[in-house]
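Trainee: See upload_30.cif below, with mmCIF, C-alpha atoms and all ligand atoms.
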```
data_data
loop_
_atom_site.label_atom_id
_atom_site.label_comp_id
_atom_site.auth_asym_id
_atom_site.auth_seq_id
_atom_site.Cartn_x
_atom_site.Cartn_y
_atom_site.Cartn_z
CA MET A 1 14.15 8.55 28.59
CA SER A 2 14.59 7.84 24.86
CA TYR A 3 11.81 8.54 22.39
CA GLN A 4 11.69 4.81 21.70
CA LYS A 5 11.04 3.97 25.35
CA ARG A 6 8.43 6.72 25.67
CA LEU A 7 6.70 5.56 22.48
CA LEU A 8 6.60 1.94 23.65
CA ARG A 9 5.32 2.97 27.08
CA ALA A 10 2.44 5.00 25.65
CA ILE A 11 1.53 3.08 22.46
CA PRO A 12 1.42 -0.73 21.98
CA GLY A 13 4.13 -1.39 19.40
CA GLY A 14 5.32 2.21 19.70
CA ALA A 15 3.53 3.30 16.51
CA HIS A 16 0.14 3.12 14.81
CA THR A 17 1.27 0.79 12.04
CA TYR A 18 3.35 -2.36 12.59
CA SER A 19 5.51 -1.46 9.61
CA ARG A 20 6.53 1.70 11.49
CA GLY A 21 7.77 -0.32 14.49
CA TYR A 22 11.36 -0.25 15.73
CA ASP A 23 11.71 -3.94 14.75
CA GLN A 24 11.41 -2.91 11.10
CA TYR A 25 14.42 -0.57 11.12
CA PRO A 26 18.16 -0.81 11.77
CA ALA A 27 19.60 0.54 15.02
CA ASN A 28 20.76 3.84 13.48
CA ALA A 29 17.29 4.81 12.17
CA PRO A 30 15.74 7.96 13.69
CA GLU A 31 13.50 6.84 16.56
CA ILE A 32 10.97 9.55 15.81
CA LEU A 33 10.34 12.16 13.11
CA GLU A 34 9.11 15.68 13.46
CA ARG A 35 8.22 16.88 9.96
CA GLY A 36 8.48 16.32 6.24
CA LYS A 37 8.93 18.52 3.20
CA GLY A 38 9.00 17.35 -0.41
CA ALA A 39 10.87 14.01 -0.48
CA TYR A 40 12.59 14.63 2.88
CA VAL A 41 11.82 13.93 6.54
CA PHE A 42 13.44 15.58 9.56
CA ASP A 43 14.02 14.31 13.10
CA PRO A 44 13.59 16.62 16.12
CA SER A 45 17.28 17.62 16.02
CA GLY A 46 16.78 18.86 12.45
CA LYS A 47 18.65 15.96 10.83
CA ARG A 48 17.35 15.47 7.30
CA TYR A 49 16.80 12.17 5.46
CA LEU A 50 15.88 11.60 1.84
CA ASP A 51 12.80 9.40 2.26
CA TYR A 52 11.75 6.40 0.20
CA GLY A 53 9.16 5.33 2.78
CA MET A 54 6.81 8.23 1.97
CA ALA A 55 4.47 7.55 4.90
CA LEU A 56 3.84 3.94 3.81
CA ARG A 57 2.98 5.22 0.32
CA ALA A 58 0.37 7.67 1.64
CA VAL A 59 2.28 10.62 0.16
CA ILE A 60 2.57 10.59 -3.63
CA VAL A 61 3.22 14.24 -4.51
CA GLY A 62 5.44 15.27 -1.60
CA TYR A 63 5.26 16.16 2.08
CA ALA A 64 3.68 19.52 3.00
CA GLU A 65 2.54 20.25 -0.56
CA GLU A 66 1.20 23.80 -0.34
CA GLU A 67 -1.52 23.64 -2.97
CA ILE A 68 -2.98 20.46 -1.44
CA ASP A 69 -2.63 21.64 2.15
CA ASP A 70 -4.31 24.95 1.26
CA ALA A 71 -7.29 23.06 -0.19
CA ALA A 72 -7.53 21.05 3.04
CA ILE A 73 -7.24 24.19 5.17
CA ARG A 74 -10.03 25.89 3.19
CA GLN A 75 -12.29 22.99 4.18
CA ILE A 76 -11.09 23.17 7.80
CA ARG A 77 -12.06 26.84 7.84
CA SER A 78 -15.47 25.89 6.43
CA GLY A 79 -16.18 23.70 9.44
CA ASN A 80 -14.42 20.42 8.47
CA ASN A 81 -17.41 18.17 9.30
CA LEU A 82 -21.01 19.35 8.99
CA THR A 83 -24.35 17.96 10.13
CA ARG A 84 -25.46 16.71 6.69
CA ALA A 85 -23.55 15.75 3.53
CA SER A 86 -21.22 18.53 2.41
CA VAL A 87 -20.63 20.14 -0.98
CA ILE A 88 -17.02 18.89 -1.10
CA GLU A 89 -18.30 15.36 -0.34
CA LEU A 90 -20.48 15.44 -3.46
CA GLU A 91 -17.66 16.96 -5.53
CA ALA A 92 -15.20 14.29 -4.37
CA ALA A 93 -17.66 11.44 -5.01
CA GLU A 94 -18.48 12.68 -8.52
CA LEU A 95 -14.77 13.11 -9.24
CA LEU A 96 -13.92 9.56 -8.15
CA VAL A 97 -16.78 8.14 -10.20
CA SER A 98 -15.66 10.14 -13.25
CA LEU A 99 -12.05 8.93 -12.90
CA ILE A 100 -12.55 5.19 -12.34
CA ASP A 101 -14.24 3.30 -15.19
CA SER A 102 -15.79 0.57 -13.00
CA ALA A 103 -17.00 2.97 -10.29
CA GLU A 104 -20.68 3.86 -10.55
CA MET A 105 -20.91 4.74 -6.87
CA VAL A 106 -18.40 5.38 -4.09
CA LYS A 107 -18.35 5.51 -0.31
CA PHE A 108 -15.51 7.24 1.53
CA THR A 109 -13.95 6.26 4.80
CA LYS A 110 -10.68 6.99 6.60
CA ASN A 111 -8.67 3.75 6.33
CA GLY A 112 -7.97 1.16 3.68
CA SER A 113 -8.76 -1.75 5.98
CA THR A 114 -12.26 -0.42 6.50
CA SER A 115 -12.84 -0.18 2.74
CA VAL A 116 -11.61 -3.68 1.91
CA SER A 117 -13.61 -5.19 4.78
CA ALA A 118 -16.67 -3.33 3.47
CA ALA A 119 -16.09 -4.92 0.05
CA VAL A 120 -16.01 -8.35 1.69
CA LYS A 121 -19.22 -7.66 3.61
CA LEU A 122 -21.02 -6.34 0.55
CA SER A 123 -19.91 -9.39 -1.46
CA ARG A 124 -21.24 -11.71 1.25
CA ALA A 125 -24.53 -9.83 1.37
CA TYR A 126 -24.90 -9.85 -2.43
CA THR A 127 -24.08 -13.54 -2.92
CA GLY A 128 -25.43 -14.97 0.33
CA ARG A 129 -22.12 -16.88 0.59
CA GLU A 130 -19.47 -16.75 3.30
CA LEU A 131 -16.05 -17.74 1.93
CA VAL A 132 -13.42 -15.26 0.79
CA ALA A 133 -10.59 -16.18 -1.60
CA ARG A 134 -7.59 -13.93 -1.12
CA CYS A 135 -4.26 -13.77 -2.90
CA VAL A 136 -1.38 -15.17 -0.78
CA GLU A 137 1.40 -13.11 -2.32
CA HIS A 138 -0.23 -9.78 -1.50
CA PRO A 139 0.90 -8.88 2.00
CA PHE A 140 -1.97 -6.86 3.43
CA PHE A 141 -5.64 -6.17 2.83
CA SER A 142 -7.14 -5.30 6.22
CA TYR A 143 -6.59 -5.40 9.98
CA ASP A 144 -9.94 -7.17 10.30
CA ASP A 145 -10.18 -10.82 11.30
CA TRP A 146 -11.23 -12.13 7.86
CA PHE A 147 -7.73 -11.17 6.65
CA ILE A 148 -5.50 -11.40 9.75
CA GLY A 149 -6.96 -14.87 10.42
CA SER A 150 -5.22 -15.98 7.21
CA THR A 151 -1.79 -14.82 8.46
CA PRO A 152 0.30 -16.54 11.16
CA ILE A 153 -1.05 -14.10 13.82
CA THR A 154 -4.36 -15.77 14.65
CA ARG A 155 -4.48 -15.09 18.41
CA GLY A 156 -7.89 -13.66 19.36
CA ILE A 157 -9.63 -14.69 16.13
CA PRO A 158 -12.53 -17.20 16.13
CA ARG A 159 -11.82 -20.50 14.34
CA GLU A 160 -14.81 -20.16 12.01
CA THR A 161 -13.51 -16.80 10.81
CA ILE A 162 -10.10 -18.31 10.07
CA ALA A 163 -11.70 -21.17 8.15
CA ASN A 164 -13.75 -18.79 5.99
CA THR A 165 -10.75 -17.27 4.19
CA LYS A 166 -9.10 -19.40 1.49
CA LEU A 167 -5.85 -18.72 -0.33
CA PHE A 168 -4.83 -18.71 -3.99
CA HIS A 169 -1.64 -17.68 -5.78
CA TYR A 170 -1.01 -14.69 -8.00
CA ASN A 171 -0.42 -15.54 -11.69
CA ASP A 172 -1.63 -19.07 -10.98
CA ILE A 173 -5.21 -19.29 -12.24
CA ALA A 174 -5.25 -23.06 -11.55
CA SER A 175 -4.93 -22.33 -7.81
CA LEU A 176 -8.09 -20.21 -7.91
CA GLN A 177 -9.86 -22.70 -10.18
CA THR A 178 -9.14 -25.41 -7.59
CA LEU A 179 -10.76 -23.35 -4.82
CA VAL A 180 -13.81 -22.66 -6.97
CA GLU A 181 -14.21 -26.41 -7.60
CA GLN A 182 -13.50 -27.35 -4.00
CA TYR A 183 -16.09 -24.88 -2.64
CA PRO A 184 -18.88 -24.71 -5.24
CA GLN A 185 -21.35 -21.84 -4.71
CA GLN A 186 -19.60 -20.93 -1.45
CA ILE A 187 -17.11 -18.24 -2.43
CA ALA A 188 -18.51 -14.72 -2.05
CA CYS A 189 -15.54 -12.81 -3.44
CA VAL A 190 -12.02 -12.95 -4.77
CA VAL A 191 -9.74 -10.26 -3.31
CA LEU A 192 -6.39 -9.29 -4.80
CA GLU A 193 -4.26 -6.35 -5.86
CA PRO A 194 -4.08 -5.87 -9.63
CA ALA A 195 -0.29 -6.13 -9.30
CA ALA A 196 2.36 -5.85 -6.61
CA THR A 197 5.96 -6.89 -7.21
CA ASP A 198 4.73 -9.00 -10.15
CA GLU A 199 2.51 -7.85 -12.99
CA PRO A 200 -0.22 -10.08 -14.43
CA ARG A 201 1.07 -12.67 -16.91
CA GLU A 202 -0.80 -14.49 -19.67
CA GLY A 203 -4.06 -12.67 -19.08
CA PHE A 204 -4.18 -13.68 -15.39
CA LEU A 205 -6.49 -10.84 -14.30
CA HIS A 206 -8.84 -11.52 -17.23
CA HIS A 207 -8.98 -15.18 -16.24
CA VAL A 208 -9.81 -14.18 -12.65
CA GLN A 209 -12.54 -11.89 -13.97
CA ASP A 210 -13.97 -14.65 -16.21
CA LEU A 211 -13.90 -17.21 -13.42
CA CYS A 212 -15.72 -14.82 -11.09
CA ARG A 213 -18.36 -14.02 -13.71
CA ALA A 214 -18.90 -17.70 -14.52
CA HIS A 215 -19.41 -18.67 -10.88
CA GLY A 216 -21.30 -15.67 -9.49
CA ILE A 217 -18.30 -14.54 -7.40
CA VAL A 218 -17.70 -10.84 -6.73
CA PHE A 219 -14.38 -9.70 -8.27
CA VAL A 220 -12.71 -7.27 -5.83
CA LEU A 221 -9.55 -5.37 -6.78
CA ASP A 222 -7.72 -3.65 -3.94
CA GLU A 223 -6.11 -0.59 -5.55
CA MET A 224 -4.85 0.89 -2.27
CA ILE A 225 -1.31 1.00 -3.66
CA THR A 226 -1.86 0.78 -7.44
CA GLY A 227 -4.62 3.42 -7.64
CA PHE A 228 -3.41 6.79 -8.98
CA ARG A 229 0.15 5.34 -9.13
CA TRP A 230 -0.02 2.79 -11.97
CA HIS A 231 -2.50 5.06 -13.81
CA MET A 232 -4.84 7.95 -12.94
CA LYS A 233 -7.71 5.59 -13.77
CA GLY A 234 -6.25 2.81 -11.66
CA ALA A 235 -4.31 -0.31 -12.58
CA GLN A 236 -7.65 -1.81 -13.65
CA HIS A 237 -7.64 0.60 -16.60
CA LEU A 238 -4.00 -0.13 -17.47
CA TYR A 239 -4.61 -3.89 -17.49
CA GLY A 240 -8.07 -3.63 -19.08
CA VAL A 241 -10.20 -5.37 -16.45
CA THR A 242 -13.46 -4.34 -14.76
CA PRO A 243 -13.79 -5.34 -11.11
CA ASP A 244 -17.22 -5.48 -9.50
CA LEU A 245 -15.86 -3.64 -6.48
CA CYS A 246 -12.56 -1.84 -5.95
CA THR A 247 -10.90 0.00 -3.10
CA PHE A 248 -8.58 3.02 -3.03
CA GLY A 249 -6.71 4.87 -0.28
CA LYS A 250 -3.09 5.53 0.59
CA ALA A 251 -1.92 8.32 -1.71
CA MET A 252 -5.29 9.51 -3.02
CA ALA A 253 -5.19 12.59 -0.78
CA ASN A 254 -1.39 12.94 -0.47
CA GLY A 255 -1.25 11.85 3.16
CA PHE A 256 -4.67 13.00 4.37
CA SER A 257 -6.79 10.15 5.63
CA VAL A 258 -9.11 9.24 2.76
CA SER A 259 -10.01 5.79 1.47
CA CYS A 260 -13.00 4.44 -0.42
CA ILE A 261 -14.91 1.49 -1.75
CA ALA A 262 -16.34 1.96 -5.25
CA GLY A 263 -17.98 -0.18 -7.87
CA ARG A 264 -21.08 -1.50 -9.57
CA ARG A 265 -24.27 0.33 -8.74
CA ASP A 266 -26.36 -2.77 -8.03
CA LEU A 267 -23.82 -3.93 -5.45
CA MET A 268 -23.16 -0.55 -3.88
CA GLN A 269 -26.89 0.21 -3.70
CA LEU A 270 -27.38 -2.63 -1.25
CA GLY A 271 -26.05 -0.15 1.28
CA SER A 272 -28.58 2.51 0.28
CA ILE A 273 -31.82 3.61 1.94
CA GLU A 274 -34.25 4.57 -0.82
CA PHE A 275 -35.48 1.22 -2.15
CA GLU A 276 -38.62 0.34 -0.25
CA GLY A 277 -38.84 -3.24 0.87
CA GLN A 278 -35.16 -4.04 0.16
CA GLU A 279 -33.43 -5.82 3.04
CA ARG A 280 -30.70 -3.47 4.24
CA VAL A 281 -26.93 -3.92 4.46
CA PHE A 282 -25.21 -1.73 7.03
CA LEU A 283 -22.44 -0.39 4.80
CA LEU A 284 -19.86 1.96 6.38
CA SER A 285 -21.41 4.55 8.63
CA THR A 286 -18.70 6.65 10.25
CA THR A 287 -18.67 10.04 11.91
CA HIS A 288 -15.44 11.08 10.21
CA GLY A 289 -15.77 9.20 6.91
CA ALA A 290 -16.39 12.30 4.84
CA GLU A 291 -14.23 14.72 6.80
CA MET A 292 -14.00 17.75 4.54
CA SER A 293 -10.27 18.46 4.88
CA GLY A 294 -9.33 15.06 3.49
CA LEU A 295 -11.81 15.26 0.63
CA GLY A 296 -10.60 18.77 -0.24
CA ALA A 297 -7.06 17.37 -0.29
CA PHE A 298 -8.20 14.48 -2.53
CA VAL A 299 -9.74 16.84 -5.12
CA ALA A 300 -6.62 19.05 -5.07
CA THR A 301 -4.28 16.02 -5.29
CA MET A 302 -6.07 14.73 -8.37
CA ALA A 303 -5.91 18.19 -10.03
CA LEU A 304 -2.20 18.55 -9.33
CA MET A 305 -1.41 15.01 -10.46
CA GLN A 306 -3.25 15.47 -13.74
CA ARG A 307 -1.74 18.89 -14.44
CA GLU A 308 1.84 17.87 -13.59
CA HIS A 309 1.65 14.35 -15.10
CA VAL A 310 2.76 12.86 -11.79
CA VAL A 311 2.12 9.25 -12.82
CA GLU A 312 4.45 9.58 -15.83
CA HIS A 313 7.08 11.06 -13.50
CA LEU A 314 6.83 8.09 -11.15
CA TRP A 315 7.31 5.61 -14.02
CA ASP A 316 10.32 7.57 -15.36
CA TYR A 317 11.97 8.01 -11.97
CA GLY A 318 11.44 4.35 -11.12
CA ARG A 319 13.05 3.23 -14.36
CA SER A 320 16.09 5.43 -13.64
CA LEU A 321 16.29 4.26 -10.02
CA VAL A 322 16.20 0.57 -10.89
CA ALA A 323 18.84 1.09 -13.61
CA LEU A 324 20.97 3.00 -11.11
CA MET A 325 20.64 0.29 -8.44
CA ARG A 326 21.57 -2.42 -10.94
CA ARG A 327 24.59 -0.42 -12.18
CA GLN A 328 25.81 0.15 -8.63
CA ALA A 329 25.27 -3.49 -7.67
CA GLU A 330 27.25 -4.52 -10.73
CA ALA A 331 30.04 -2.03 -9.99
CA HIS A 332 30.42 -3.38 -6.43
CA GLY A 333 30.21 -7.01 -7.49
CA VAL A 334 27.02 -7.73 -5.48
CA SER A 335 24.41 -8.10 -8.23
CA HIS A 336 23.89 -11.78 -7.30
CA SER A 337 22.79 -10.64 -3.80
CA PHE A 338 21.36 -7.14 -4.21
CA VAL A 339 18.55 -7.15 -6.73
CA ALA A 340 16.28 -4.34 -7.96
CA GLY A 341 13.20 -4.74 -10.15
CA GLY A 342 9.40 -4.63 -10.20
CA VAL A 343 6.89 -2.36 -11.86
CA PRO A 344 8.75 0.89 -12.64
CA CYS A 345 6.23 3.15 -10.83
CA SER A 346 6.58 0.97 -7.72
CA PRO A 347 9.93 -0.83 -7.80
CA TYR A 348 11.46 -3.01 -5.12
CA TYR A 349 14.87 -4.14 -3.95
CA ALA A 350 15.72 -7.51 -2.45
CA THR A 351 18.72 -8.77 -0.48
CA LEU A 352 19.51 -12.43 -1.06
CA ASP A 353 21.78 -14.89 0.72
CA GLU A 354 24.06 -17.31 -1.13
CA ARG A 355 21.14 -19.74 -1.64
CA GLY A 356 19.02 -16.99 -3.20
CA ALA A 357 16.66 -16.72 -0.19
CA THR A 358 15.72 -13.33 1.29
CA SER A 359 18.27 -12.24 3.90
CA LEU A 360 16.88 -9.91 6.55
CA ALA A 361 20.40 -9.47 7.96
CA LEU A 362 21.60 -8.10 4.63
CA ARG A 363 18.48 -5.97 4.32
CA THR A 364 19.18 -4.51 7.76
CA LEU A 365 22.78 -3.80 6.80
CA PHE A 366 21.80 -2.14 3.51
CA SER A 367 19.17 -0.01 5.28
CA GLN A 368 21.68 0.90 8.02
CA GLU A 369 24.34 2.05 5.56
CA MET A 370 21.82 4.00 3.44
CA LEU A 371 20.73 5.79 6.63
CA ARG A 372 24.35 6.54 7.42
CA ALA A 373 24.47 8.26 4.04
CA GLY A 374 21.25 10.19 4.80
CA VAL A 375 18.74 8.05 2.87
CA MET A 376 15.83 6.26 4.55
CA MET A 377 14.98 3.34 2.28
CA PRO A 378 12.82 0.74 4.06
CA TRP A 379 11.24 0.02 0.64
CA LEU A 380 10.85 2.07 -2.53
CA ALA A 381 7.91 4.48 -2.50
CA LEU A 382 8.32 7.22 -5.09
CA SER A 383 6.85 10.69 -5.17
CA TYR A 384 6.66 13.63 -7.56
CA ARG A 385 9.31 15.39 -5.44
CA HIS A 386 11.88 12.68 -6.11
CA GLY A 387 13.76 14.46 -8.89
CA ASP A 388 17.24 14.73 -10.38
CA ALA A 389 18.89 15.98 -7.16
CA GLU A 390 17.35 13.11 -5.20
CA LEU A 391 18.49 10.56 -7.77
CA ALA A 392 22.05 11.94 -7.55
CA ALA A 393 21.97 11.80 -3.72
CA THR A 394 20.68 8.22 -3.94
CA GLU A 395 23.57 7.30 -6.23
CA GLN A 396 26.12 8.55 -3.69
CA ALA A 397 24.40 6.73 -0.85
CA LEU A 398 24.21 3.48 -2.87
CA ASP A 399 27.91 3.74 -3.67
CA HIS A 400 28.69 3.87 0.04
CA ALA A 401 26.12 1.28 1.19
CA LEU A 402 27.01 -1.30 -1.46
CA SER A 403 30.75 -1.01 -0.77
CA VAL A 404 30.06 -1.94 2.88
CA TYR A 405 27.65 -4.62 1.62
CA ARG A 406 30.47 -6.11 -0.47
CA GLN A 407 32.76 -6.24 2.57
CA ALA A 408 30.00 -7.85 4.62
CA LEU A 409 29.50 -10.55 1.99
CA ASP A 410 33.22 -11.31 2.22
CA GLN A 411 33.68 -11.09 5.98
CA GLY A 412 30.28 -11.87 7.46
CA VAL A 413 27.34 -9.52 7.92
CA ASP A 414 27.21 -9.71 11.74
CA LYS A 415 30.49 -7.85 12.02
CA TYR A 416 28.94 -4.84 10.29
CA LEU A 417 25.53 -4.71 11.96
CA GLU A 418 25.07 -2.06 14.66
CA GLY A 419 22.02 -3.69 16.20
CA PRO A 420 19.39 -6.43 15.83
CA VAL A 421 18.21 -7.73 12.47
CA ILE A 422 14.79 -6.47 11.35
CA LYS A 423 11.95 -8.98 11.79
CA PRO A 424 8.97 -9.93 9.64
CA VAL A 425 5.72 -8.17 10.64
CA PHE A 426 3.74 -11.41 10.33
CA ARG A 427 5.43 -13.61 12.96
CA THR A 428 3.69 -15.52 15.74
CA HIS A 429 5.98 -14.40 18.59
CA ASN A 430 7.89 -11.21 19.41
C1 LIG A 501 -3.11 -3.31 -0.56
C2 LIG A 501 -3.52 -2.73 0.76
N1 LIG A 501 -4.81 -2.81 1.14
C3 LIG A 501 -5.24 -2.29 2.32
C4 LIG A 501 -4.36 -1.68 3.18
C5 LIG A 501 -4.86 -1.10 4.46
O1 LIG A 501 -4.89 0.28 4.39
P1 LIG A 501 -4.88 1.18 5.73
O2 LIG A 501 -3.54 1.05 6.35
O3 LIG A 501 -5.18 2.56 5.23
O4 LIG A 501 -5.97 0.65 6.62
C6 LIG A 501 -3.02 -1.57 2.84
C7 LIG A 501 -2.06 -0.92 3.76
O5 LIG A 501 -0.89 -1.22 3.80
C8 LIG A 501 -2.59 -2.11 1.59
O6 LIG A 501 -1.29 -2.05 1.21
#
```
How does the structure come out when it is put into structure tokens?
Ligand SMILES: Cc1ncc(COP(=O)(O)O)c(C=O)c1O
Mentor:
Amino acid sequence: MSYQKRLLRAIPGGAHTYSRGYDQYPANAPEILERGKGAYVFDPSGKRYLDYGMALRAVIVGYAEEEIDDAAIRQIRSGNNLTRASVIELEAAELLVSLIDSAEMVKFTKNGSTSVSAAVKLSRAYTGRELVARCVEHPFFSYDDWFIGSTPITRGIPRETIANTKLFHYNDIASLQTLVEQYPQQIACVVLEPAATDEPREGFLHHVQDLCRAHGIVFVLDEMITGFRWHMKGAQHLYGVTPDLCTFGKAMANGFSVSCIAGRRDLMQLGSIEFEGQERVFLLSTTHGAEMSGLGAFVATMALMQREHVVEHLWDYGRSLVALMRRQAEAHGVSHSFVAGGVPCSPYYATLDERGATSLALRTLFSQEMLRAGVMMPWLALSYRHGDAELAATEQALDHALSVYRQALDQGVDKYLEGPVIKPVFRTHN
């Protein structure tokens, strides 16, 4: 039986993240992976792929990074999870607070969803309000109902929960202003990423901050992707804003499971225990939240990133990659259909049909031909281990993939596809 069949038989969706599902990859993608090293992943037969998926952006330095793994292993050998708070837990918390300007306190947990949902809960407790305003253009904040209820996949979610989340647009302050006017004194928090494919224009984030301050709304920035990638002090530092609460995760421990909610002391302290008479908020209480291996990896990741100027590397590599993609698209006469851009430390590529709309068929074809050339490129996640050799290998793969892409534009994409077209994660039916 194939790995795919076995995976689907044992695990709903065949993976633990929908974006890892078989419906997100072309037919020639490896069904399963065995290990990773640096910027490469290997399937069980030993076949190697240059990886631009980087574990959904959880790995920012490189796979199996010795210095970081050794720090994690030291904590494993010290017991990995003790009966009271551990020394590494205190060290990690003080480090996070020292790095992030707006963070006066921090609470760790294992997954990003848990952190962002905790920010929503804390905001509701602080304001006594129930509505959440979340940015439409940002694709994911949490697997919890307050967020998933605002996507097309609402099965199993109570109607009141769906109604409590309202939507506004990125770089469109009027859309948030409208919500604030429509629901006076009802919005607990505004949740958005500081930037994704687009950066803030015309002081957008400052306007969000001002609007929140003026109306008693908690300003939540989800830095799951931007944190320690845009800047070691977060994108909030780069753009000069101060959220009330912010969340980090993904690459903060180079693949180990660490995430956190951080922010203003008066908000975070609602989850504390030492203020007599204060009504309590049950804020994140998890058995594994402060697992020592992950926190050891976080401290070591931060040290390595600072010493090796990893963030600068990501910006430089991204600039070169986007320039390379544009050159190749130009050379193959497909630059109207294959587009690269975005924030240099986190670029994107898009495949467009003749009307300029996203074409998943062309995306599948591009992905398929990059895989044929040994490059797994579901999106563009960069790491410190993407260097000159990897850029050169990417150039060769692009040359191949975009020549097939050109032929497909001329003769029809279906003729070149080996299997089904990839599907959007957020669709109502399979
Ligand atoms: C911006 C953002 N927030 C939250 C999450 C959820 O993080 P996790 O998958 O660790 O629960 C993600 C994951 O894709 C994300 O991209």
Trainee: Can you work out the spacing between CA of Leu382 in chain A and CA of Met305 in chain A in Å, to one decimal?
Mentor: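 Computing it gives 13.6 Å between the two atoms.
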Trainee: So what do you get for CA of Met252 in chain A versus CA of Ile148 in chain A, distance-wise?
Mentor: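 These two atoms are separated by 24.5 Å.
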Trainee: Please identify the residues whose atoms come within 9 Å of ligand LIG 501 (chain A), using all atoms listed in the file, and report them as a PyMOL selection string.
Mentor: chain A and resi 17+19+56-58+110-116+138-143+192-193+196+222-226+247-250+257-259
Trainee: Please build the interface table for range 4-59 of chain A against range 403-426 of chain A with a cut-off of 8 Å, listing for each qualifying residue the nearest atom pair and the distance in Å to one decimal; count only C-alpha atoms, order rows by chain and increasing number, and write it as a Markdown table.
Mentor:
```
| residue | atom | partner | partner_atom | distance |
| --- | --- | --- | --- | --- |
| A:Tyr18 | CA | A:Val425 | CA | 6.6 |
| A:Ser19 | CA | A:Val425 | CA | 6.8 |
| A:Asp23 | CA | A:Ile422 | CA | 5.2 |
| A:Gln24 | CA | A:Ile422 | CA | 4.9 |
| A:Tyr25 | CA | A:Ile422 | CA | 5.9 |
| A:Pro26 | CA | A:Gly419 | CA | 6.5 |
| A:Ala27 | CA | A:Gly419 | CA | 5.0 |
| A:Asn28 | CA | A:Glu418 | CA | 7.4 |
```
Trainee: The residues within 9 Å of (-28.9, 3.2, -7.1), using only C-alpha atoms and the coordinates of the file, should be reported as a PyMOL selection string; which are they?
Mentor: chain A and resi 104-105+265-270+272+274-275
Trainee: Could you check how far CA of Gly318 in chain A sits from CA of Val343 in chain A, in Å to one decimal?
Mentor: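 These two atoms are separated by 8.1 Å.
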Trainee: For Pro158 in chain A, which residue among A:Pro44, A:His206, A:Trp146, A:Tyr317 is the nearest when counting only C-alpha atoms?
Mentor: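 The closest residue to Pro158 in chain A is A:Trp146.
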Trainee: Given all atoms listed in the file as the basis, pick out the residue of A:Ile11, A:Ala262, A:Ala214, A:Ala133 nearest to Ser102 in chain A.
Mentor: A:Ala262
Trainee: So, with all atoms listed in the file as the atoms that count, which of A:Val41, A:Leu295, A:Ile153, A:Ile187 lies closest to Leu167 in chain A?
Mentor: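 The closest residue to Leu167 in chain A is A:Ile187.
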Trainee: For Leu131 in chain A, which of A:Asp144, A:Asp43, A:Glu160, A:Asp172 is the closest residue, counting all atoms listed in the file?
Mentor: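 With all atoms listed in the file as the atom set, the closest residue is A:Glu160.
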Trainee: Go through A:Arg48, A:His386, A:Arg355, A:Arg9 and flag the residue nearest Trp315 in chain A, using only C-alpha atoms for the distances.
Mentor: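 Among A:Arg48, A:His386, A:Arg355, A:Arg9, it is A:His386 that comes nearest to Trp315 in chain A.
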Trainee: Using all atoms listed in the file - which residues lie no farther than 12 Å from the point (25.3, 7.2, 2.3) in the file's frame? Write them as a PyMOL selection string.
Mentor: chain A and resi 49-50+366-377+392-404
Trainee: Closest to Ala93 in chain A among A:Lys5, A:Arg74, A:Arg427, A:Lys107, using only C-alpha atoms?
Mentor: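 Closest candidate: A:Lys107.
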Trainee: I'd like the neighbourhood of range 286-288 of chain A as a list in words, where a residue qualifies if any of its atoms comes within 9 Å (using all atoms listed in the file), though same-chain residues fewer than 2 positions away should be ignored.
Mentor: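 Neighbouring residues, sequence-local ones excluded: Asn81, Thr109, Lys110, Leu284, Ala290, Glu291 and Met292 of chain A.
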Trainee: Export C-alpha atoms of the chosen residues as an mmCIF file, in the frame of the given file?
Mentor:
```
data_model
loop_
_atom_site.group_PDB
_atom_site.id
_atom_site.type_symbol
_atom_site.label_atom_id
_atom_site.label_comp_id
_atom_site.auth_asym_id
_atom_site.auth_seq_id
_atom_site.Cartn_x
_atom_site.Cartn_y
_atom_site.Cartn_z
ATOM 1 C CA ASN A 81 -17.410 18.170 9.300
ATOM 2 C CA THR A 109 -13.950 6.260 4.800
ATOM 3 C CA LYS A 110 -10.680 6.990 6.600
ATOM 4 C CA LEU A 284 -19.860 1.960 6.380
ATOM 5 C CA ALA A 290 -16.390 12.300 4.840
ATOM 6 C CA GLU A 291 -14.230 14.720 6.800
ATOM 7 C CA MET A 292 -14.000 17.750 4.540
#
```
Trainee: Kindly output range 180-184 of chain A as an mmCIF file, keeping the file's coordinate frame, after building N, CA and C atoms.
Mentor:
```
data_model
loop_
_atom_site.group_PDB
_atom_site.id
_atom_site.type_symbol
_atom_site.label_atom_id
_atom_site.label_comp_id
_atom_site.auth_asym_id
_atom_site.auth_seq_id
_atom_site.Cartn_x
_atom_site.Cartn_y
_atom_site.Cartn_z
ATOM 1 N N VAL A 180 -12.433 -22.792 -6.475
ATOM 2 C CA VAL A 180 -13.810 -22.660 -6.970
ATOM 3 C C VAL A 180 -14.460 -24.052 -7.078
ATOM 4 N N GLU A 181 -13.664 -25.038 -7.485
ATOM 5 C CA GLU A 181 -14.210 -26.410 -7.600
ATOM 6 C C GLU A 181 -14.394 -27.056 -6.229
ATOM 7 N N GLN A 182 -13.448 -26.749 -5.341
ATOM 8 C CA GLN A 182 -13.500 -27.350 -4.000
ATOM 9 C C GLN A 182 -14.666 -26.792 -3.169
ATOM 10 N N TYR A 183 -15.026 -25.538 -3.426
ATOM 11 C CA TYR A 183 -16.090 -24.880 -2.640
ATOM 12 C C TYR A 183 -17.164 -24.316 -3.573
ATOM 13 N N PRO A 184 -17.901 -25.189 -4.247
ATOM 14 C CA PRO A 184 -18.880 -24.710 -5.240
ATOM 15 C C PRO A 184 -19.971 -23.864 -4.577
#
```
